[in-house]
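This is structure25.cif (mmCIF, C-alpha atoms).
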data_data
#
loop_
_atom_site.label_atom_id
_atom_site.label_comp_id
_atom_site.auth_asym_id
_atom_site.auth_seq_id
_atom_site.Cartn_x
_atom_site.Cartn_y
_atom_site.Cartn_z
CA MET A 1 -16.44 152.32 126.38
CA PRO A 2 -14.17 154.81 128.26
CA PHE A 3 -14.50 158.41 127.12
CA SER A 4 -10.93 158.67 125.80
CA GLN A 5 -11.37 155.54 123.66
CA ASN A 6 -14.69 156.82 122.34
CA VAL A 7 -13.12 160.15 121.35
CA HIS A 8 -10.26 158.31 119.64
CA ARG A 9 -12.77 156.13 117.76
CA HIS A 10 -14.71 159.22 116.66
CA ASP A 11 -11.47 160.83 115.39
CA LEU A 12 -10.63 157.72 113.37
CA ILE A 13 -14.09 157.69 111.77
CA PHE A 14 -13.95 161.43 111.08
CA ASN A 15 -10.45 161.23 109.60
CA ALA A 16 -11.52 158.34 107.36
CA TYR A 17 -14.48 160.42 106.17
CA MET A 18 -12.25 163.43 105.51
CA GLN A 19 -9.86 161.35 103.42
CA THR A 20 -12.72 160.51 101.03
CA THR A 21 -13.59 164.15 100.20
CA PRO A 22 -12.34 164.78 96.62
CA LYS A 23 -9.33 167.08 96.38
CA GLY A 24 -11.19 169.28 93.93
CA PHE A 25 -13.64 170.34 96.65
CA ARG A 26 -10.90 171.33 99.11
CA LEU A 27 -9.38 174.73 99.73
CA HIS A 28 -5.74 174.29 98.64
CA ILE A 29 -3.33 175.98 101.05
CA GLY A 30 0.28 176.11 99.84
CA LEU A 31 3.14 176.48 102.34
CA PHE A 32 6.08 178.29 100.71
CA GLY A 33 9.44 179.15 102.22
CA ARG A 34 13.11 178.43 102.44
CA ARG A 35 14.48 175.21 103.77
CA ASN A 36 14.38 174.75 107.52
CA VAL A 37 12.13 177.71 108.38
CA GLY A 38 9.63 175.41 110.09
CA LYS A 39 7.04 174.70 107.37
CA SER A 40 6.74 171.06 108.39
CA SER A 41 6.52 171.91 112.09
CA LEU A 42 3.82 174.45 111.29
CA LEU A 43 1.85 171.87 109.30
CA ASN A 44 2.16 169.33 112.10
CA ALA A 45 0.97 171.89 114.66
CA MET A 46 -2.01 172.86 112.47
CA THR A 47 -3.10 169.26 111.89
CA ARG A 48 -2.00 167.97 115.30
CA GLN A 49 -0.39 165.05 113.49
CA SER A 50 3.14 164.26 112.37
CA VAL A 51 2.44 164.29 108.64
CA SER A 52 5.76 165.89 107.67
CA ILE A 53 9.23 164.83 108.71
CA VAL A 54 10.76 167.42 111.03
CA SER A 55 14.53 167.76 111.31
CA ASP A 56 17.17 170.38 112.02
CA VAL A 57 18.81 169.37 108.73
CA ALA A 58 17.81 171.74 105.91
CA GLY A 59 15.96 170.17 103.00
CA THR A 60 14.37 167.23 104.82
CA THR A 61 11.13 167.62 102.85
CA THR A 62 12.00 166.32 99.39
CA ASP A 63 8.57 166.39 97.73
CA PRO A 64 5.33 168.26 98.36
CA VAL A 65 3.43 166.62 101.25
CA GLU A 66 -0.36 166.81 101.08
CA LYS A 67 -2.48 166.70 104.22
CA PRO A 68 -6.29 166.86 104.08
CA MET A 69 -8.16 168.16 107.12
CA GLU A 70 -11.33 169.96 108.18
CA LEU A 71 -11.02 173.68 108.90
CA LEU A 72 -14.31 175.16 110.09
CA PRO A 73 -16.18 177.12 108.86
CA ILE A 74 -14.45 176.62 105.49
CA GLY A 75 -14.80 172.86 105.52
CA PRO A 76 -12.38 170.45 103.81
CA VAL A 77 -8.93 171.89 103.06
CA LEU A 78 -5.71 170.47 101.63
CA PHE A 79 -2.39 171.66 103.03
CA ILE A 80 0.51 171.30 100.58
CA ASP A 81 3.87 171.41 102.34
CA THR A 82 6.35 172.23 99.59
CA ALA A 83 9.97 171.19 99.39
CA GLY A 84 12.47 173.94 100.14
CA ILE A 85 12.24 176.13 97.05
CA ASP A 86 15.80 177.42 97.52
CA ASP A 87 17.38 173.99 96.92
CA VAL A 88 20.56 173.76 94.85
CA GLY A 89 21.95 171.02 92.63
CA ALA A 90 20.29 168.60 90.23
CA LEU A 91 17.95 167.05 92.83
CA GLY A 92 17.20 170.53 94.13
CA ASP A 93 16.15 171.65 90.64
CA LEU A 94 13.58 168.85 90.52
CA ARG A 95 12.25 169.84 93.93
CA VAL A 96 11.95 173.47 92.90
CA ALA A 97 10.12 172.51 89.69
CA LYS A 98 7.58 170.50 91.70
CA THR A 99 7.18 173.35 94.15
CA ARG A 100 6.49 175.85 91.37
CA GLN A 101 3.62 173.65 90.15
CA ILE A 102 1.98 174.25 93.54
CA PHE A 103 1.45 177.94 92.65
CA ASP A 104 -1.08 176.81 90.04
CA ARG A 105 -3.04 174.83 92.63
CA THR A 106 -2.94 177.32 95.50
CA ASP A 107 -6.07 179.10 96.73
CA VAL A 108 -4.35 180.66 99.75
CA GLY A 109 -0.57 181.04 100.00
CA LEU A 110 1.31 180.80 103.29
CA ILE A 111 4.80 182.29 103.17
CA VAL A 112 6.69 180.89 106.13
CA VAL A 113 9.77 182.86 107.10
CA ALA A 114 12.09 182.83 110.10
CA ALA A 115 10.96 186.01 111.85
CA GLY A 116 13.98 188.17 111.00
CA ASP A 117 15.01 186.71 107.63
CA TRP A 118 12.77 188.33 104.97
CA GLY A 119 14.82 188.84 101.83
CA ASP A 120 14.74 188.74 98.03
CA PHE A 121 13.70 185.09 98.11
CA GLU A 122 10.57 185.74 100.19
CA GLU A 123 9.83 188.88 98.19
CA HIS A 124 9.85 186.85 94.96
CA ILE A 125 7.32 184.34 96.31
CA TYR A 126 5.20 187.17 97.72
CA GLN A 127 5.09 189.02 94.40
CA GLU A 128 4.34 185.78 92.50
CA LEU A 129 1.31 185.14 94.70
CA ARG A 130 0.15 188.76 94.44
CA THR A 131 0.50 188.72 90.63
CA ARG A 132 -1.76 185.67 90.55
CA GLU A 133 -4.18 187.47 92.90
CA ILE A 134 -3.86 184.66 95.44
CA PRO A 135 -4.61 185.70 99.05
CA VAL A 136 -1.42 185.72 101.12
CA VAL A 137 -0.79 184.93 104.78
CA VAL A 138 2.75 185.72 105.93
CA VAL A 139 3.79 183.55 108.87
CA PHE A 140 6.74 184.87 110.84
CA ASN A 141 7.88 181.68 112.55
CA LYS A 142 10.52 181.16 115.25
CA ASN A 143 9.44 184.42 116.87
CA ASP A 144 11.21 183.30 120.07
CA LEU A 145 14.53 183.82 118.28
CA ALA A 146 13.90 187.08 116.39
CA SER A 147 11.13 189.58 115.61
CA PRO A 148 9.95 190.74 112.16
CA ASP A 149 10.97 194.17 110.93
CA ALA A 150 8.37 196.84 111.80
CA SER A 151 8.54 198.57 108.40
CA LEU A 152 8.04 195.24 106.64
CA ARG A 153 4.97 194.52 108.73
CA GLU A 154 3.52 197.93 107.83
CA ARG A 155 4.08 197.34 104.11
CA LEU A 156 2.46 193.92 104.24
CA LYS A 157 -0.52 195.33 106.12
CA HIS A 158 -0.82 198.10 103.51
CA ASP A 159 -0.93 195.36 100.82
CA LYS A 160 -3.73 193.67 102.80
CA ALA A 161 -1.63 190.57 103.44
CA ASP A 162 -2.51 188.78 106.66
CA ILE A 163 0.33 188.55 109.19
CA VAL A 164 0.72 185.88 111.86
CA VAL A 165 3.53 185.41 114.36
CA THR A 166 4.20 181.83 115.50
CA VAL A 167 6.54 179.48 117.29
CA ALA A 168 5.49 176.30 115.52
CA SER A 169 7.67 173.99 117.60
CA LYS A 170 5.67 175.06 120.68
CA ALA A 171 2.31 175.36 118.83
CA GLU A 172 2.22 179.08 119.67
CA GLY A 173 0.15 181.30 117.36
CA ILE A 174 -1.63 178.38 115.69
CA LEU A 175 -5.10 179.65 116.60
CA ASP A 176 -4.21 183.03 115.06
CA LEU A 177 -3.11 181.23 111.91
CA ARG A 178 -6.38 179.30 111.66
CA GLU A 179 -8.33 182.56 111.94
CA ALA A 180 -6.12 184.18 109.28
CA LEU A 181 -6.81 181.29 106.88
CA ILE A 182 -10.54 181.67 107.42
CA ARG A 183 -10.32 185.41 106.70
CA SER A 184 -8.26 184.80 103.57
CA ALA A 185 -10.39 182.02 102.07
CA PRO A 186 -12.03 183.15 98.82
CA GLU A 187 -15.75 183.69 99.12
CA GLU A 188 -16.40 180.84 96.66
CA PHE A 189 -15.17 178.38 99.30
CA ILE A 190 -17.49 179.76 101.94
CA ASN A 191 -20.35 179.74 99.41
CA ALA A 192 -19.22 177.03 96.99
CA PRO A 193 -20.51 177.26 93.38
CA THR A 194 -23.11 174.73 92.37
CA ILE A 195 -22.62 172.11 89.67
CA VAL A 196 -26.23 171.75 88.55
CA GLY A 197 -28.36 173.07 91.43
CA ASP A 198 -29.28 176.34 89.70
CA LEU A 199 -30.52 174.40 86.66
CA VAL A 200 -32.75 171.96 88.53
CA PRO A 201 -35.16 173.66 90.98
CA ALA A 202 -36.19 172.01 94.24
CA GLY A 203 -38.78 169.33 93.62
CA GLU A 204 -37.83 168.89 89.95
CA LEU A 205 -36.15 165.96 88.24
CA ALA A 206 -32.78 165.58 86.53
CA VAL A 207 -32.12 162.52 84.40
CA LEU A 208 -28.49 161.39 84.49
CA VAL A 209 -27.35 159.21 81.59
CA VAL A 210 -24.49 157.03 82.78
CA PRO A 211 -22.96 154.59 80.28
CA ILE A 212 -21.27 151.59 81.84
CA ASP A 213 -18.13 151.01 79.77
CA LEU A 214 -14.59 149.78 80.32
CA GLU A 215 -13.53 153.07 81.94
CA ALA A 216 -16.32 152.98 84.54
CA PRO A 217 -14.82 151.64 87.80
CA LYS A 218 -16.31 148.28 88.77
CA GLY A 219 -19.09 148.69 91.30
CA ARG A 220 -18.87 152.50 91.33
CA LEU A 221 -19.79 155.61 89.37
CA ILE A 222 -17.11 158.02 88.18
CA LEU A 223 -16.49 161.15 90.24
CA PRO A 224 -18.34 163.77 88.11
CA GLN A 225 -21.48 161.62 88.23
CA VAL A 226 -21.26 161.22 92.01
CA GLN A 227 -20.63 164.94 92.57
CA THR A 228 -23.53 165.92 90.30
CA LEU A 229 -25.85 163.49 92.08
CA ARG A 230 -24.89 164.97 95.46
CA ASP A 231 -25.46 168.51 94.14
CA ILE A 232 -28.98 167.55 93.04
CA LEU A 233 -29.75 166.19 96.50
CA ASP A 234 -28.35 169.32 98.16
CA VAL A 235 -30.93 171.53 96.42
CA ASP A 236 -33.83 169.18 97.29
CA ALA A 237 -34.31 168.03 93.70
CA TYR A 238 -34.34 164.39 92.69
CA SER A 239 -32.78 162.31 89.98
CA MET A 240 -33.23 159.31 87.72
CA ILE A 241 -30.12 157.42 86.60
CA VAL A 242 -30.23 155.40 83.39
CA LYS A 243 -27.89 153.98 80.77
CA GLU A 244 -28.03 155.52 77.31
CA ARG A 245 -30.08 152.73 75.76
CA GLU A 246 -32.77 153.13 78.48
CA LEU A 247 -33.24 156.89 78.16
CA ARG A 248 -36.10 157.01 75.65
CA ASP A 249 -38.19 154.49 77.58
CA ALA A 250 -37.47 156.28 80.86
CA LEU A 251 -38.63 159.64 79.46
CA ASP A 252 -41.82 158.03 78.10
CA ARG A 253 -42.71 156.78 81.58
CA LEU A 254 -42.56 160.23 83.20
CA LYS A 255 -45.76 162.17 83.89
CA ARG A 256 -43.97 165.46 83.19
CA PRO A 257 -40.65 166.21 81.49
CA PRO A 258 -37.48 166.53 83.55
CA ALA A 259 -35.83 169.89 84.17
CA LEU A 260 -32.56 168.64 82.67
CA VAL A 261 -30.92 165.65 81.03
CA VAL A 262 -27.18 165.24 81.70
CA THR A 263 -25.14 162.69 79.80
CA ASP A 264 -21.65 161.35 79.66
CA SER A 265 -20.09 163.06 76.63
CA GLN A 266 -19.33 159.75 74.93
CA ALA A 267 -23.09 159.13 74.55
CA PHE A 268 -23.83 162.69 73.42
CA LEU A 269 -25.15 161.90 69.95
CA LYS A 270 -27.57 159.15 71.00
CA VAL A 271 -28.83 161.10 74.01
CA ALA A 272 -29.40 164.19 71.86
CA GLY A 273 -31.45 162.07 69.45
CA ASP A 274 -33.53 160.49 72.23
CA THR A 275 -34.18 163.68 74.19
CA PRO A 276 -37.03 165.92 72.92
CA ASP A 277 -35.91 169.38 71.82
CA ASP A 278 -37.94 171.10 74.54
CA ILE A 279 -35.99 169.33 77.31
CA PRO A 280 -32.65 171.00 78.19
CA MET A 281 -29.71 168.66 77.68
CA THR A 282 -25.97 168.89 78.34
CA SER A 283 -23.05 166.76 79.55
CA PHE A 284 -21.21 166.25 82.82
CA SER A 285 -18.06 167.61 81.21
CA ILE A 286 -19.76 170.86 80.20
CA LEU A 287 -21.21 171.26 83.70
CA PHE A 288 -17.67 170.97 85.05
CA ALA A 289 -16.36 173.41 82.45
CA ARG A 290 -18.62 175.95 84.14
CA CYS A 291 -18.06 174.84 87.75
CA LYS A 292 -14.30 174.36 87.61
CA GLY A 293 -13.28 176.84 84.93
CA ASP A 294 -14.75 179.55 82.69
CA LEU A 295 -17.44 178.24 80.35
CA SER A 296 -17.50 181.31 78.10
CA GLU A 297 -13.72 181.14 77.67
CA PHE A 298 -14.01 177.47 76.74
CA VAL A 299 -16.77 178.31 74.24
CA ARG A 300 -14.46 180.84 72.58
CA GLY A 301 -11.76 178.18 72.46
CA THR A 302 -14.12 175.62 70.96
CA ALA A 303 -15.08 177.98 68.14
CA THR A 304 -11.45 177.98 66.93
CA ILE A 305 -11.89 174.35 65.84
CA GLU A 306 -13.18 175.91 62.60
CA SER A 307 -9.71 177.32 61.93
CA LEU A 308 -7.81 174.05 62.46
CA ARG A 309 -5.88 172.88 59.44
CA ASP A 310 -4.00 169.78 58.31
CA GLY A 311 -0.82 169.31 60.38
CA ASP A 312 -1.87 171.51 63.33
CA LYS A 313 -0.69 170.39 66.76
CA ILE A 314 -3.19 170.04 69.62
CA LEU A 315 -2.43 169.53 73.33
CA VAL A 316 -4.80 167.19 75.20
CA ALA A 317 -4.53 167.59 78.99
CA GLU A 318 -6.03 165.25 81.56
CA ALA A 319 -6.04 166.13 85.26
CA CYS A 320 -5.88 162.58 86.59
CA SER A 321 -3.53 159.77 85.66
CA HIS A 322 -5.05 156.48 84.53
CA HIS A 323 -4.12 153.67 82.21
CA PRO A 324 -5.82 154.38 78.86
CA ILE A 325 -8.05 151.73 77.35
CA ALA A 326 -8.31 150.75 73.69
CA ASP A 327 -11.06 153.30 72.95
CA ASP A 328 -9.92 156.03 75.38
CA ILE A 329 -11.89 159.28 75.15
CA GLY A 330 -8.89 161.63 75.14
CA ARG A 331 -6.44 159.53 73.14
CA VAL A 332 -8.73 157.84 70.63
CA LYS A 333 -12.26 159.18 70.35
CA ILE A 334 -11.66 162.95 70.46
CA PRO A 335 -8.73 162.77 68.00
CA ARG A 336 -10.84 160.60 65.66
CA TRP A 337 -13.88 162.92 65.79
CA LEU A 338 -11.76 166.04 65.29
CA ARG A 339 -9.84 164.59 62.38
CA GLN A 340 -13.13 163.65 60.76
CA TYR A 341 -14.52 167.14 61.36
CA VAL A 342 -11.43 168.97 60.12
CA GLY A 343 -10.82 166.54 57.28
CA GLY A 344 -7.10 166.43 57.80
CA LYS A 345 -4.27 164.97 59.85
CA LEU A 346 -3.96 166.64 63.25
CA GLU A 347 -1.10 165.94 65.65
CA PHE A 348 -2.15 165.27 69.27
CA ILE A 349 0.21 165.57 72.25
CA HIS A 350 -1.04 164.24 75.62
CA VAL A 351 -0.11 165.26 79.16
CA GLN A 352 -1.47 164.03 82.48
CA GLY A 353 -1.69 165.20 86.07
CA HIS A 354 0.05 168.44 86.95
CA ASP A 355 2.44 168.24 83.98
CA PHE A 356 1.80 171.09 81.55
CA PRO A 357 4.15 172.77 79.05
CA ALA A 358 5.46 176.17 80.08
CA ASP A 359 5.70 177.10 76.37
CA LEU A 360 2.46 176.63 74.43
CA SER A 361 3.50 178.44 71.26
CA GLU A 362 3.55 175.29 69.09
CA TYR A 363 -0.10 174.42 69.80
CA LYS A 364 -3.19 175.65 67.96
CA LEU A 365 -5.59 174.45 70.66
CA VAL A 366 -5.58 172.99 74.18
CA ILE A 367 -8.33 170.47 75.00
CA HIS A 368 -8.72 169.81 78.74
CA CYS A 369 -10.70 167.24 80.67
CA GLY A 370 -13.45 168.36 83.05
CA GLY A 371 -11.02 168.67 85.98
CA CYS A 372 -13.26 166.89 88.49
CA MET A 373 -10.22 165.96 90.61
CA TRP A 374 -8.97 169.55 90.78
CA ASN A 375 -9.87 172.74 92.54
CA ARG A 376 -11.06 175.65 90.43
CA ARG A 377 -7.89 177.66 91.04
CA GLU A 378 -5.69 175.22 89.14
CA MET A 379 -8.02 175.12 86.16
CA LEU A 380 -8.21 178.92 86.08
CA SER A 381 -4.40 179.03 86.24
CA ARG A 382 -4.21 176.91 83.10
CA ILE A 383 -6.78 179.08 81.35
CA LEU A 384 -4.74 182.15 82.27
CA LEU A 385 -1.53 180.55 80.99
CA CYS A 386 -3.21 179.74 77.67
CA ARG A 387 -4.52 183.29 77.41
CA ARG A 388 -1.03 184.71 78.01
CA HIS A 389 0.31 182.59 75.15
CA GLY A 390 -2.61 183.42 72.89
CA VAL A 391 -3.58 179.74 72.63
CA PRO A 392 -7.32 178.90 72.83
CA ILE A 393 -8.48 176.32 75.36
CA THR A 394 -11.62 174.18 75.51
CA ASN A 395 -12.64 170.95 77.21
CA TYR A 396 -13.67 167.41 76.33
CA GLY A 397 -17.45 167.83 76.42
CA LEU A 398 -17.52 171.03 74.38
CA THR A 399 -15.12 169.58 71.81
CA ILE A 400 -17.24 166.45 71.41
CA ALA A 401 -20.50 168.41 71.11
CA TYR A 402 -18.96 170.70 68.47
CA SER A 403 -17.41 167.94 66.39
CA LEU A 404 -20.71 165.98 66.45
CA GLY A 405 -22.79 168.99 65.41
CA ILE A 406 -24.82 169.41 68.62
CA PHE A 407 -22.92 172.33 70.16
CA GLU A 408 -25.80 174.81 70.43
CA ARG A 409 -28.11 172.12 71.79
CA ALA A 410 -25.62 171.33 74.55
CA LEU A 411 -25.26 175.03 75.44
CA LYS A 412 -28.99 175.82 75.72
CA PRO A 413 -29.03 175.41 79.52
CA PHE A 414 -26.37 178.19 79.74
CA PRO A 415 -27.73 181.41 78.17
CA ALA A 416 -24.56 183.48 78.77
CA ALA A 417 -22.30 180.90 77.12
CA LEU A 418 -24.74 180.48 74.23
CA HIS A 419 -24.80 184.26 73.78
CA THR A 420 -20.99 184.24 73.63
CA TYR A 421 -21.13 181.66 70.85
CA HIS A 422 -23.75 183.61 68.88
CA GLU A 423 -21.61 186.75 69.14
CA LEU A 424 -18.64 184.80 67.74
CA LEU A 425 -20.80 183.56 64.86
CA SER A 426 -21.95 187.12 64.10
CA LYS A 427 -18.38 188.41 64.01
CA THR A 428 -17.30 185.54 61.76
CA ARG A 429 -20.15 186.14 59.33
CA GLY A 430 -19.45 189.86 59.37
CA ARG A 431 -15.86 189.24 58.23
CA SER A 432 -16.87 186.84 55.47
#
Just dump the structure as structure tokens.
Amino acid sequence: MPFSQNVHRHDLIFNAYMQTTPKGFRLHIGLFGRRNVGKSSLLNAMTRQSVSIVSDVAGTTTDPVEKPMELLPIGPVLFIDTAGIDDVGALGDLRVAKTRQIFDRTDVGLIVVAAGDWGDFEEHIYQELRTREIPVVVVFNKNDLASPDASLRERLKHDKADIVVTVASKAEGILDLREALIRSAPEEFINAPTIVGDLVPAGELAVLVVPIDLEAPKGRLILPQVQTLRDILDVDAYSMIVKERELRDALDRLKRPPALVVTDSQAFLKVAGDTPDDIPMTSFSILFARCKGDLSEFVRGTATIESLRDGDKILVAEACSHHPIADDIGRVKIPRWLRQYVGGKLEFIHVQGHDFPADLSEYKLVIHCGGCMWNRREMLSRILLCRRHGVPITNYGLTIAYSLGIFERALKPFPAALHTYHELLSKTRGRS
């Protein structure tokens, strides 16, 4: 095979592999700027592909365009090319609303500005990113037409914002931009947090309990199970995968107990009954509460279930969009278990994907899925929004464990989170 064809074949294989990396494991890089400042051209130059439509007509990009790629040494990243956030009119309002959702997902923000045109608009985006403590790279594009103001550059440098000068249409400055993104990447993406690796030492066994129900995709495992399995392999541990009805027999066959049992939350009660008390046990959802969000914050949110009363309104948020089944976990099972626990009628409102109310004042509690499809930044953004509104937030696994009476058992693998819960109990008893 000629060399050029072999290289092309390798690129096709590599690109196919990159497309399969879950979004939640990618560094999310948001491109923000006015219409027609060259965001799409910049993205095309970075990826060396025409993934965004480029035109001299302002406002060509109507919706956020996502482009996955590999950016060494960071690894998988996701570029999000936003629509022009200065759009006007009814359609423009929809574009702006979608663009603002990108702030919640952004790990590194790129503000793209025509080199001499920094104004109130760019300053607003810059301050929004700084308020959220998101690393900022300011890209002065079209540098062949104008140069950025010297005093502005000094101020941005003083703020520790990275500055890059480019001519995207000629691919000039692209290497500098790649280096700036590597410098700005949060440390957690260079040294990614583990899902379960710190709980299962090398050479030890984790038992994964995986029910096969109507929501399990035919022929495949669901994403949290796959990601947990990979994490176990990465730390040189090994695993046993069973269905819930096989767990007791599987444990009896082992010569020594496993380091951890992890279950799908829907099988929590049976798995807790079949797992000896001296074996640590938790759920995939609780593992992801720690990996993707803030487990202690979720524990504090879960404890407020005790204060729920008849008629309270609860928001149930799911990161991915899927067609619910008859016995859906978020729409049927969790509402049923909570109503039984509270002993009253609770009102449940459901949202999916990136939709999330800006005003949370009517809700007594937010219950979120594990967020396996998301990056950690977006989950932390939702936690922060709830905190600003004074509304507690928890997740599916913690809610299920609490309503079924096995909350402390499920938290035993996480001493800090369990300590948080015990402190809450002490304060509650002290007030009573």
Within 12 Å of (-29.6, 149.3, 78.5) (coordinates as in the file), grab all the protein and nucleic acid residues, counting only C-alpha atoms, and write them out as a CSV table (one decimal) with C-alpha atoms, in the coordinates of the input.
chain,number,residue,atom,x,y,z
A,209,VAL,CA,-27.4,159.2,81.6
A,210,VAL,CA,-24.5,157.0,82.8
A,211,PRO,CA,-23.0,154.6,80.3
A,212,ILE,CA,-21.3,151.6,81.8
A,213,ASP,CA,-18.1,151.0,79.8
A,241,ILE,CA,-30.1,157.4,86.6
A,242,VAL,CA,-30.2,155.4,83.4
A,243,LYS,CA,-27.9,154.0,80.8
A,244,GLU,CA,-28.0,155.5,77.3
A,245,ARG,CA,-30.1,152.7,75.8
A,246,GLU,CA,-32.8,153.1,78.5
A,247,LEU,CA,-33.2,156.9,78.2
A,248,ARG,CA,-36.1,157.0,75.6
A,249,ASP,CA,-38.2,154.5,77.6
A,250,ALA,CA,-37.5,156.3,80.9
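Considering all atoms listed in the file, the residue among A:Leu78, A:Thr47, A:Ala401, A:Ala114 positioned nearest to Gly33 (chain A) is A:Ala114.
Every protein, DNA or RNA residue with an atom at most 6 Å from region 414-424 of chain A, where all atoms listed in the file count and chain neighbours fewer than 3 positions away do not, is listed here: Ser296, Leu411 and Lys427 of chain A.
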Exercise for the section: Taking (-25.4, 168.7, 88.6) in the file's own coordinates, collect the residues within 8 Å, counting only C-alpha atoms, and hand them back as a PyMOL selection string. Expected result: chain A and resi 194-197+199+227-232+262+284+287
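In this model, the gap between CA of Glu133 (chain A) and CA of Val108 (chain A) comes to 9.7 Å.
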Practice task
Do a neighbour search on Lys160 (chain A) at 9 Å with only C-alpha atoms, toss out local chain neighbours closer than 5 positions, and write the hits as a PyMOL selection string.
Solution key: chain A and resi 135-136+155
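When CA of Val65 (chain A) is paired with CA of Ile174 (chain A), their separation reads 19.3 Å.
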Handout entry: the PyMOL selection byres ((chain A and resi 392) around 12) resolved against shown file, as a VMD selection string
Key = chain A and resid 296 to 305 307 to 308 314 to 315 360 to 361 363 to 368 382 to 391 393 to 395
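By only C-alpha atoms, and with residues fewer than 5 positions from Glu122 (chain A) along its chain excluded, the set lying at most 12 Å from it is A:Phe32, A:Gly33, A:Arg34, A:Arg35, A:Val37, A:Gly84, A:Ile85, A:Asp86, A:Leu110, A:Ile111, A:Val112, A:Val113, A:Ala114, A:Ala115, A:Gly116, A:Asp117, A:Gln127, A:Glu128, A:Leu129, A:Val138, A:Val139, A:Phe140, A:Leu152.
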Applied to the shown file, which residues does the PyMOL selection byres ((chain A and resi 176-191) around 9) return, written as a PDB file with C-alpha atoms, keeping the file's coordinate frame?
ATOM      1  CA  PHE A  25     -13.640 170.340  96.650  1.00  0.00           C
ATOM      2  CA  ARG A  26     -10.900 171.330  99.110  1.00  0.00           C
ATOM      3  CA  LEU A  27      -9.380 174.730  99.730  1.00  0.00           C
ATOM      4  CA  ILE A  29      -3.330 175.980 101.050  1.00  0.00           C
ATOM      5  CA  MET A  46      -2.010 172.860 112.470  1.00  0.00           C
ATOM      6  CA  LEU A  71     -11.020 173.680 108.900  1.00  0.00           C
ATOM      7  CA  LEU A  72     -14.310 175.160 110.090  1.00  0.00           C
ATOM      8  CA  PRO A  73     -16.180 177.120 108.860  1.00  0.00           C
ATOM      9  CA  ILE A  74     -14.450 176.620 105.490  1.00  0.00           C
ATOM     10  CA  GLY A  75     -14.800 172.860 105.520  1.00  0.00           C
ATOM     11  CA  ASP A 107      -6.070 179.100  96.730  1.00  0.00           C
ATOM     12  CA  VAL A 108      -4.350 180.660  99.750  1.00  0.00           C
ATOM     13  CA  LEU A 110       1.310 180.800 103.290  1.00  0.00           C
ATOM     14  CA  ILE A 134      -3.860 184.660  95.440  1.00  0.00           C
ATOM     15  CA  PRO A 135      -4.610 185.700  99.050  1.00  0.00           C
ATOM     16  CA  VAL A 136      -1.420 185.720 101.120  1.00  0.00           C
ATOM     17  CA  VAL A 137      -0.790 184.930 104.780  1.00  0.00           C
ATOM     18  CA  VAL A 139       3.790 183.550 108.870  1.00  0.00           C
ATOM     19  CA  ALA A 161      -1.630 190.570 103.440  1.00  0.00           C
ATOM     20  CA  ASP A 162      -2.510 188.780 106.660  1.00  0.00           C
ATOM     21  CA  ILE A 163       0.330 188.550 109.190  1.00  0.00           C
ATOM     22  CA  VAL A 164       0.720 185.880 111.860  1.00  0.00           C
ATOM     23  CA  VAL A 165       3.530 185.410 114.360  1.00  0.00           C
ATOM     24  CA  THR A 166       4.200 181.830 115.500  1.00  0.00           C
ATOM     25  CA  GLU A 172       2.220 179.080 119.670  1.00  0.00           C
ATOM     26  CA  GLY A 173       0.150 181.300 117.360  1.00  0.00           C
ATOM     27  CA  ILE A 174      -1.630 178.380 115.690  1.00  0.00           C
ATOM     28  CA  LEU A 175      -5.100 179.650 116.600  1.00  0.00           C
ATOM     29  CA  ALA A 192     -19.220 177.030  96.990  1.00  0.00           C
ATOM     30  CA  PRO A 193     -20.510 177.260  93.380  1.00  0.00           C
TER      31      PRO A 193
END
Exercise for the section: Can you give me, as a count of residues only, the residues this file yields under the PyMOL selection byres ((chain A and resi 373) around 6)? Expected result: 5
Could you write out as AutoDock Vina command-line options the box around region 385-404 of chain A (axis-aligned, all atoms listed in the file, 8 Å on each side), with centre and edge lengths in Å to one decimal?
--center_x -10.2 --center_y 175.3 --center_z 73.7 --size_x 37.0 --size_y 34.7 --size_z 30.6
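Omitting Gly38 (chain A) and its sequence neighbours fewer than 3 positions away, and counting all atoms listed in the file, the residues within 7 Å are Ser41, Leu42, Asn141 and Ala168 of chain A.
Each of A:Ala319, A:Pro148, A:Asp312, A:Thr428 was compared to Gly353 (chain A) using only C-alpha atoms, and A:Ala319 turns out to be the nearest.
Atom to atom, CA of Trp118 (chain A) and CA of Ala171 (chain A) stand 21.7 Å apart.
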Fill in the blank from the handout: Judged by all atoms listed in the file, the minimum distance to Leu43 (chain A) among A:Leu156, A:Lys142, A:Asp236, A:Ser169 is found for A:Ser169
For region 281-285 of chain A, which lacks atoms in the input, supply N, CA and C atoms and format the output as a short mmCIF file (atom, residue, chain, number, x, y, z; two decimals), keeping the file's coordinate frame.
data_model
loop_
_atom_site.label_atom_id
_atom_site.label_comp_id
_atom_site.auth_asym_id
_atom_site.auth_seq_id
_atom_site.Cartn_x
_atom_site.Cartn_y
_atom_site.Cartn_z
N MET A 281 -30.63 169.78 77.64
CA MET A 281 -29.71 168.66 77.68
C MET A 281 -28.28 169.16 77.61
N THR A 282 -27.39 168.57 78.39
CA THR A 282 -25.97 168.89 78.34
C THR A 282 -25.18 167.69 78.83
N SER A 283 -23.88 167.88 79.09
CA SER A 283 -23.05 166.76 79.55
C SER A 283 -22.39 167.09 80.88
N PHE A 284 -21.94 166.05 81.57
CA PHE A 284 -21.21 166.25 82.82
C PHE A 284 -19.97 167.12 82.59
N SER A 285 -19.28 166.87 81.50
CA SER A 285 -18.06 167.61 81.21
C SER A 285 -18.32 169.10 81.04
#
